[in-house]
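Dropping start-v1.cif in here (mmCIF, C-alpha atoms):
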data_final
#
loop_
_atom_site.label_atom_id
_atom_site.label_comp_id
_atom_site.auth_asym_id
_atom_site.auth_seq_id
_atom_site.Cartn_x
_atom_site.Cartn_y
_atom_site.Cartn_z
CA MET A 15 33.53 -11.44 -2.43
CA LYS A 16 31.80 -8.15 -1.85
CA ALA A 17 29.22 -6.38 -3.97
CA ARG A 18 27.84 -2.88 -3.66
CA VAL A 19 24.33 -1.87 -4.65
CA TYR A 20 23.31 1.78 -5.04
CA VAL A 21 19.56 2.40 -5.10
CA THR A 22 18.17 5.79 -6.09
CA LEU A 23 14.72 7.18 -6.79
CA LYS A 24 14.06 7.61 -10.51
CA PRO A 25 14.42 11.23 -11.65
CA SER A 26 10.66 11.52 -12.27
CA VAL A 27 9.85 10.64 -8.62
CA PHE A 28 9.80 13.54 -6.14
CA ASP A 29 12.18 12.94 -3.21
CA PRO A 30 10.81 14.80 -0.16
CA GLN A 31 13.70 13.65 2.07
CA GLY A 32 16.31 14.89 -0.36
CA ARG A 33 14.45 18.21 -0.60
CA VAL A 34 14.56 18.66 3.19
CA VAL A 35 18.29 17.82 3.27
CA ALA A 36 18.91 20.35 0.48
CA ASP A 37 16.97 23.03 2.40
CA ALA A 38 18.97 22.26 5.56
CA LEU A 39 22.27 22.57 3.68
CA VAL A 40 21.23 25.95 2.26
CA THR A 41 20.24 27.05 5.79
CA LEU A 42 23.72 26.00 6.98
CA GLY A 43 25.21 28.44 4.49
CA TYR A 44 25.82 26.16 1.51
CA GLN A 45 24.04 28.53 -0.87
CA ASP A 46 25.44 26.68 -3.90
CA VAL A 47 23.36 23.56 -3.18
CA GLN A 48 20.82 23.18 -6.00
CA ASP A 49 19.27 19.84 -5.10
CA VAL A 50 19.89 16.65 -3.13
CA ARG A 51 18.61 13.18 -3.99
CA GLN A 52 18.73 10.63 -1.17
CA GLY A 53 19.30 6.95 -1.91
CA LYS A 54 20.27 3.65 -0.32
CA PHE A 55 23.57 1.82 -0.26
CA PHE A 56 23.99 -1.92 0.35
CA GLU A 57 27.17 -3.94 0.84
CA VAL A 58 26.55 -7.62 0.17
CA GLU A 59 29.05 -10.31 1.27
CA LEU A 60 29.01 -13.36 -0.96
CA SER A 61 30.68 -16.77 -0.81
CA ASP A 62 30.78 -16.78 -4.62
CA ALA A 63 34.29 -16.17 -5.99
CA ASP A 64 33.37 -15.63 -9.63
CA PRO A 65 32.77 -11.92 -10.38
CA ALA A 66 30.46 -12.53 -13.35
CA SER A 67 28.09 -14.90 -11.57
CA ALA A 68 28.25 -12.75 -8.41
CA LYS A 69 27.16 -9.74 -10.39
CA ALA A 70 24.29 -11.68 -11.94
CA ARG A 71 23.16 -12.92 -8.50
CA VAL A 72 23.29 -9.49 -6.88
CA THR A 73 21.49 -7.90 -9.84
CA GLU A 74 18.72 -10.44 -9.36
CA MET A 75 18.60 -9.58 -5.62
CA ALA A 76 18.37 -5.88 -6.40
CA ASP A 77 15.57 -6.48 -8.86
CA LYS A 78 13.62 -8.76 -6.55
CA LEU A 79 14.06 -7.07 -3.18
CA LEU A 80 16.59 -4.26 -2.72
CA ALA A 81 14.93 -1.88 -5.19
CA ASN A 82 11.34 -1.31 -6.27
CA PRO A 83 11.60 -0.95 -10.07
CA VAL A 84 8.41 1.16 -10.16
CA ILE A 85 10.11 4.07 -8.38
CA GLU A 86 13.80 3.19 -8.07
CA SER A 87 16.80 2.38 -10.23
CA TYR A 88 19.93 0.57 -9.06
CA ARG A 89 23.55 0.03 -9.94
CA VAL A 90 25.61 -3.05 -8.95
CA GLU A 91 29.39 -3.10 -8.45
CA VAL A 92 31.40 -6.22 -7.65
CA LEU A 93 34.64 -5.72 -5.69
CA GLN A 94 37.55 -8.12 -6.04
CA MET B 27 -19.53 -14.91 5.65
CA LYS B 28 -15.97 -15.22 6.86
CA PHE B 29 -13.15 -12.68 6.84
CA ALA B 30 -9.49 -13.69 7.15
CA VAL B 31 -7.29 -10.98 8.69
CA VAL B 32 -3.60 -11.59 7.97
CA VAL B 33 -1.23 -10.90 10.88
CA PHE B 34 2.32 -9.91 9.95
CA PRO B 35 4.97 -9.31 12.61
CA GLY B 36 4.43 -5.58 13.12
CA SER B 37 0.77 -5.41 12.10
CA ASN B 38 -1.08 -3.17 14.55
CA SER B 39 -4.56 -2.81 13.09
CA ASP B 40 -5.15 -6.55 12.87
CA TYR B 41 -7.36 -6.66 15.97
CA ASP B 42 -9.19 -3.51 14.89
CA ALA B 43 -10.09 -5.21 11.60
CA PHE B 44 -10.95 -8.46 13.39
CA TYR B 45 -13.14 -6.54 15.86
CA ALA B 46 -14.90 -4.55 13.11
CA ALA B 47 -15.65 -7.71 11.13
CA SER B 48 -16.68 -9.93 14.03
CA ARG B 49 -18.19 -7.60 16.65
CA VAL B 50 -19.41 -4.61 14.64
CA LEU B 51 -20.68 -6.52 11.61
CA GLY B 52 -21.32 -9.76 13.47
CA GLU B 53 -19.65 -11.85 10.75
CA GLN B 54 -17.14 -14.66 11.19
CA ALA B 55 -13.51 -13.59 11.28
CA GLU B 56 -10.21 -15.36 11.82
CA LEU B 57 -6.70 -14.04 12.35
CA VAL B 58 -4.24 -15.80 10.04
CA TRP B 59 -0.51 -15.75 10.85
CA HIS B 60 1.76 -14.67 8.01
CA LYS B 61 3.59 -18.02 8.11
CA ASP B 62 0.36 -19.90 7.46
CA THR B 63 -0.18 -21.02 3.90
CA ASP B 64 -3.97 -21.20 3.71
CA LEU B 65 -6.75 -18.71 4.32
CA LYS B 66 -8.94 -20.99 6.47
CA GLY B 67 -11.84 -21.02 4.02
CA ALA B 68 -12.38 -17.25 4.14
CA ASP B 69 -14.68 -15.46 1.69
CA ALA B 70 -12.72 -12.19 1.91
CA VAL B 71 -9.19 -11.30 3.00
CA ILE B 72 -7.97 -8.20 4.83
CA LEU B 73 -4.32 -7.17 4.93
CA PRO B 74 -4.35 -4.82 7.92
CA GLY B 75 -2.47 -1.66 8.80
CA GLY B 76 0.72 -1.45 10.81
CA PHE B 77 4.41 -1.75 10.17
CA ALA B 78 4.93 -5.27 8.81
CA HIS B 79 8.52 -6.42 9.36
CA GLY B 80 9.27 -2.99 10.82
CA ASP B 81 8.77 -1.39 7.39
CA TYR B 82 12.48 -2.12 6.89
CA LEU B 83 13.86 -1.54 3.39
CA ARG B 84 10.53 -0.20 2.07
CA THR B 85 6.98 -0.44 3.41
CA GLY B 86 5.61 -3.85 2.48
CA ALA B 87 8.83 -4.95 0.76
CA ILE B 88 9.55 -7.87 3.08
CA ALA B 89 5.92 -8.74 3.84
CA ARG B 90 5.23 -9.54 0.21
CA PHE B 91 7.47 -12.60 0.58
CA SER B 92 5.64 -13.93 3.66
CA PRO B 93 4.39 -17.51 3.10
CA ILE B 94 0.70 -16.45 3.33
CA MET B 95 1.12 -14.16 0.32
CA GLY B 96 1.12 -17.18 -2.03
CA ALA B 97 -2.37 -18.07 -0.81
CA VAL B 98 -3.47 -14.41 -1.01
CA LYS B 99 -2.25 -14.21 -4.60
CA THR B 100 -4.05 -17.40 -5.61
CA PHE B 101 -7.22 -16.23 -3.84
CA ALA B 102 -7.02 -12.88 -5.67
CA GLU B 103 -6.41 -14.56 -9.04
CA ARG B 104 -9.54 -16.67 -8.52
CA GLY B 105 -11.58 -13.49 -8.04
CA GLY B 106 -11.70 -13.45 -4.23
CA PRO B 107 -12.15 -10.04 -2.56
CA VAL B 108 -8.90 -8.74 -1.02
CA LEU B 109 -8.69 -5.48 0.93
CA GLY B 110 -5.37 -3.86 1.82
CA ILE B 111 -5.66 -1.15 4.46
CA CYS B 112 -2.76 1.32 4.84
CA ASN B 113 0.27 -0.95 5.34
CA GLY B 114 -1.81 -3.70 3.72
CA PHE B 115 -2.20 -1.45 0.65
CA GLN B 116 1.58 -0.97 0.62
CA VAL B 117 2.06 -4.76 0.73
CA LEU B 118 -0.32 -5.22 -2.24
CA LEU B 119 1.66 -2.62 -4.23
CA GLU B 120 4.99 -4.28 -3.45
CA ALA B 121 3.50 -7.68 -4.31
CA GLY B 122 2.40 -6.38 -7.71
CA LEU B 123 -1.26 -7.15 -6.97
CA LEU B 124 -1.97 -3.44 -7.44
CA PRO B 125 -0.19 -0.99 -9.77
CA GLY B 126 2.09 1.83 -8.59
CA ALA B 127 4.12 2.46 -5.44
CA MET B 128 4.20 4.52 -2.25
CA VAL B 129 6.81 7.15 -1.47
CA ARG B 130 7.38 9.36 1.56
CA ASN B 131 4.63 11.95 2.26
CA ASP B 132 5.45 15.18 0.41
CA ARG B 133 5.56 17.16 3.67
CA ILE B 134 7.75 14.46 5.28
CA LYS B 135 5.58 14.31 8.41
CA PHE B 136 3.59 11.31 9.55
CA VAL B 137 -0.05 12.36 9.13
CA SER B 138 -2.72 11.20 11.55
CA GLN B 139 -6.13 12.78 11.04
CA LEU B 140 -9.75 12.15 10.15
CA VAL B 141 -10.14 12.99 6.45
CA PRO B 142 -12.99 13.10 3.93
CA VAL B 143 -12.61 10.57 1.12
CA ARG B 144 -14.86 10.41 -1.94
CA VAL B 145 -16.05 7.05 -3.27
CA GLU B 146 -15.25 7.14 -6.99
CA GLN B 147 -16.57 3.75 -8.05
CA THR B 148 -19.15 1.47 -6.48
CA ASP B 149 -18.56 -1.64 -8.60
CA THR B 150 -15.98 -3.24 -6.31
CA PRO B 151 -16.52 -5.67 -3.41
CA PHE B 152 -15.45 -2.93 -0.96
CA THR B 153 -17.62 -0.06 -2.23
CA ALA B 154 -20.78 -1.90 -3.31
CA ALA B 155 -22.73 -0.61 -0.28
CA CYS B 156 -21.70 3.03 -0.88
CA ALA B 157 -23.49 5.62 -2.98
CA ALA B 158 -21.65 7.02 -6.02
CA LYS B 159 -19.56 10.07 -5.02
CA GLN B 160 -20.43 9.51 -1.35
CA VAL B 161 -17.98 11.26 1.00
CA LEU B 162 -16.76 9.03 3.85
CA ARG B 163 -14.90 10.33 6.91
CA MET B 164 -12.11 7.95 7.85
CA PRO B 165 -8.78 8.34 9.66
CA ILE B 166 -5.41 8.19 7.94
CA ALA B 167 -2.20 7.46 9.86
CA HIS B 168 0.88 7.04 7.70
CA GLY B 169 4.30 8.39 6.77
CA GLU B 170 4.40 6.85 3.32
CA GLY B 171 1.04 7.29 1.67
CA ASN B 172 2.18 9.41 -1.24
CA TYR B 173 0.83 7.36 -4.15
CA TYR B 174 2.98 7.31 -7.27
CA ALA B 175 2.62 5.62 -10.65
CA PRO B 176 4.52 6.36 -13.87
CA PRO B 177 2.52 8.65 -16.22
CA ASP B 178 1.43 5.85 -18.58
CA VAL B 179 0.26 3.66 -15.68
CA LEU B 180 -1.57 6.58 -14.06
CA GLU B 181 -3.35 7.28 -17.33
CA GLN B 182 -4.35 3.62 -17.59
CA ILE B 183 -5.73 3.29 -14.07
CA GLU B 184 -7.77 6.48 -14.51
CA ALA B 185 -9.10 5.27 -17.88
CA ASN B 186 -9.98 1.86 -16.41
CA ARG B 187 -11.81 3.50 -13.46
CA GLN B 188 -9.38 1.87 -11.03
CA VAL B 189 -9.25 4.91 -8.75
CA ILE B 190 -11.75 3.97 -6.04
CA PHE B 191 -11.18 6.62 -3.36
CA ARG B 192 -9.92 10.22 -3.61
CA TYR B 193 -9.00 12.72 -0.88
CA THR B 194 -11.45 15.64 -0.98
CA ASP B 195 -12.83 18.39 1.23
CA ALA B 196 -16.01 17.80 3.24
CA ALA B 197 -18.11 18.76 0.21
CA GLY B 198 -16.40 16.17 -1.99
CA ASP B 199 -14.21 18.53 -4.00
CA ALA B 200 -10.81 16.96 -4.78
CA ALA B 201 -8.75 20.15 -4.61
CA ALA B 202 -4.99 20.11 -4.09
CA ALA B 203 -5.50 21.62 -0.62
CA SER B 204 -7.35 18.45 0.44
CA ASN B 205 -4.40 16.23 -0.47
CA PRO B 206 -2.74 15.20 2.83
CA ASN B 207 0.36 13.46 1.46
CA GLY B 208 1.10 14.46 -2.15
CA SER B 209 -0.58 11.46 -3.79
CA LEU B 210 -0.95 11.85 -7.56
CA ASN B 211 -4.50 12.92 -8.52
CA ASN B 212 -5.49 12.89 -4.79
CA ILE B 213 -5.57 9.08 -4.95
CA ALA B 214 -6.49 7.46 -1.62
CA GLY B 215 -7.40 4.00 -2.93
CA ILE B 216 -7.31 1.91 -6.09
CA CYS B 217 -8.35 -1.51 -7.37
CA ASN B 218 -6.82 -3.96 -9.84
CA ARG B 219 -8.11 -4.36 -13.40
CA GLU B 220 -10.36 -7.22 -12.32
CA ARG B 221 -11.72 -4.97 -9.51
CA ASN B 222 -11.61 -7.62 -6.73
CA VAL B 223 -8.39 -6.38 -5.09
CA VAL B 224 -8.70 -2.98 -3.40
CA GLY B 225 -6.12 -0.98 -1.44
CA LEU B 226 -6.67 2.25 0.46
CA MET B 227 -4.67 4.36 2.89
CA PRO B 228 -7.60 5.44 5.13
CA HIS B 229 -8.67 3.03 7.89
CA PRO B 230 -12.32 1.91 7.53
CA GLU B 231 -11.94 -0.42 10.55
CA ARG B 232 -11.01 2.53 12.75
CA ALA B 233 -14.18 4.34 11.69
CA ALA B 234 -16.70 1.55 12.05
CA GLU B 235 -18.74 2.82 15.05
CA PRO B 236 -19.94 6.27 16.19
CA ALA B 237 -17.79 5.98 19.35
CA LEU B 238 -14.70 6.12 17.10
CA GLY B 239 -15.67 9.53 15.70
CA SER B 240 -17.10 8.17 12.46
CA ALA B 241 -19.04 5.08 11.46
CA ASP B 242 -18.57 5.65 7.72
CA GLY B 243 -15.87 2.97 7.38
CA ARG B 244 -18.45 0.34 8.21
CA LEU B 245 -19.79 0.72 4.66
CA VAL B 246 -16.49 -0.52 3.21
CA LEU B 247 -16.68 -3.76 5.19
CA GLU B 248 -20.43 -4.11 4.69
CA SER B 249 -19.77 -3.89 0.97
CA ALA B 250 -17.73 -7.09 1.22
CA VAL B 251 -20.58 -8.83 3.03
CA ARG B 252 -22.99 -7.71 0.33
CA ALA B 253 -20.62 -8.76 -2.47
CA VAL B 254 -20.10 -12.22 -0.96
CA THR B 255 -23.79 -12.69 -0.16
CA ASP B 256 -24.74 -11.64 -3.69
CA GLY B 257 -22.27 -14.23 -4.92
CA VAL B 258 -18.74 -13.20 -5.82
CA LYS B 259 -17.76 -15.79 -8.41
CA LEU B 260 -14.52 -17.60 -7.63
CA HIS B 261 -13.00 -19.23 -10.66
CA ALA B 262 -10.68 -22.22 -10.62
#

For the file at hand, write its structure as structure tokens.
Amino acid sequence: MKARVYVTLKPSVFDPQGRVVADALVTLGYQDVQDVRQGKFFEVELSDADPASAKARVTEMADKLLANPVIESYRVEVLQ
Amino acid sequence: MKFAVVVFPGSNSDYDAFYAASRVLGEQAELVWHKDTDLKGADAVILPGGFAHGDYLRTGAIARFSPIMGAVKTFAERGGPVLGICNGFQVLLEAGLLPGAMVRNDRIKFVSQLVPVRVEQTDTPFTAACAAKQVLRMPIAHGEGNYYAPPDVLEQIEANRQVIFRYTDAAGDAAAASNPNGSLNNIAGICNRERNVVGLMPHPERAAEPALGSADGRLVLESAVRAVTDGVKLHA
């Protein structure tokens, strides 16, 4: 079973990397770009076959290691 | 007294800290591998600068789970003096031994320069030998030294006098122009509530002798010697 974890900086935290990417896009002619927020994406392969327990496990992993709750939030998706 | 300097895979200021403690100060020092589980009877612990575990995921995020961190945590809880320098500061933040987090420098670039830093509080084991509001010149070298804490936490650490070092100009004025990385309130170093755990981004061990361009950092390490000699109380 596969799970996906999306980690993003909380809205209150300034994202210098996203700012630079946004500036680059505007320079490339994408004048409609207002802002970019950069995040992280993880694909986790699990031996667990039960979606509910897999989601609980991966949420725990995100909380403990994949994200820093002081500055980041995360979202977990389990794929069948 | 005896310093323990923790060596993570990717530490690169471990020998600088070891050298400063043993050769410059003439104290005992021992390098302790991150897979060790005891601190070899040290009176003070240094988590050195570098790129522990390649800084993968986030700076300090993997290092906080190194086996030695259990002993560091216990030592800190008993009141033992712990100093995190640069990457070591980032490890202490990830481990929850200090409040807040580090994000990428606001101007994206890695900054490497000698900067003035003002000592805000002298009642910690790593500032006891400094004068109040003394300006120390020490090098910084980091890409992620932009200190962040949520507004309520920031308010708390300021109220509790947990901000120990601030970036300033040479005269000691903490203006926005003297902030090299975007840190909130020009914060360069903080301590925990109990004041025995200190983290700072500048490198005192790289400014411990005149030949290095500044000997001001020596005071930070001498503070630990003074604190231990004067009797830091470890509780069970």

So what does the PyMOL selection byres ((chain B) within 9 of (chain A)) actually pick up in this one, as a list in words?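 So the PyMOL selection byres ((chain B) within 9 of (chain A)), applied here, picks out Leu83, Arg84, Ala87, Ile88, Glu120, Pro125, Gly126, Ala127, Met128, Val129, Arg130, Asn131, Asp132, Arg133, Ile134, Tyr174, Ala175 and Pro176 of chain B.
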
Using the chain letters and residue numbers of this document, give as a PyMOL selection string the residues selected by the PyMOL selection byres ((chain B and resi 217) around 12). chain B and resi 102+107-110+115+118-119+122-126+146-153+183-184+186-191+213-216+218-226

Point-to-point distance in Å for CA of Phe77 (chain B) and CA of Val35 (chain A): 25.0 Å

Rounded to one decimal place, report the CA of Ala157 (chain B)-CA of Asn207 (chain B) distance in Å.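 Taking CA of Ala157 (chain B) and CA of Asn207 (chain B), their separation equals 25.5 Å.
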
Nearby residues (only C-alpha atoms) at most 7 Å from region 52-56 of chain B, same-chain spacing under 3 positions excluded, as a ChimeraX atom specification: /B:27-31,44,47-49

Surrounding residues of Ser37 (chain B) excluding itself and chain neighbours under 6 positions, 9 Å, only C-alpha atoms, as an NGL selection string: :B and (73-80 or 113-114)

To test your reading of the syntax: which residues would the PyMOL selection byres ((chain B and resi 196) around 9) return for the file shown? Reply as a short mmCIF file (atom, residue, chain, number, x, y, z; two decimals) with C-alpha atoms, in the frame of the given file.
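File written: selection-v4.cif
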data_model
loop_
_atom_site.label_atom_id
_atom_site.label_comp_id
_atom_site.auth_asym_id
_atom_site.auth_seq_id
_atom_site.Cartn_x
_atom_site.Cartn_y
_atom_site.Cartn_z
CA VAL B 141 -10.14 12.99 6.45
CA PRO B 142 -12.99 13.10 3.93
CA VAL B 143 -12.61 10.57 1.12
CA VAL B 161 -17.98 11.26 1.00
CA LEU B 162 -16.76 9.03 3.85
CA ARG B 163 -14.90 10.33 6.91
CA THR B 194 -11.45 15.64 -0.98
CA ASP B 195 -12.83 18.39 1.23
CA ALA B 197 -18.11 18.76 0.21
CA GLY B 198 -16.40 16.17 -1.99
CA ASP B 199 -14.21 18.53 -4.00
#

What is the CA of Thr85 (chain B) to CA of Gln139 (chain B) distance in Å?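 The value is 20.1 Å.
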
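Distance cut-off 6 Å, centre (-0.1, 10.2, -0.3), atoms counted all atoms listed in the file; the residues meeting this are B:Asn131, B:Gly171, B:Asn172, B:Tyr173, B:Asn207, B:Gly208, B:Ser209.
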
Using only C-alpha atoms, which protein or nucleic acid residues come within 8 Å of Val137 (chain B)? Drop anything in the same chain fewer than 5 positions from it, and give the result as a PyMOL selection string. chain B and resi 166-169+206-207

I'd like the contact shell of Ala121 (chain B) - 9 Å cut-off, only C-alpha atoms, skipping same-chain residues fewer than 4 positions apart - returned as a list in words.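 Close residues of Ala121 (chain B): Gly86, Ala87, Ala89, Arg90, Phe91, Met95, Lys99, Gln116 and Val117 of chain B.
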
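Among the candidates B:Val98, B:Arg232, B:Met164, B:Val254, the one nearest to Tyr41 (chain B) when counting only C-alpha atoms is B:Arg232.
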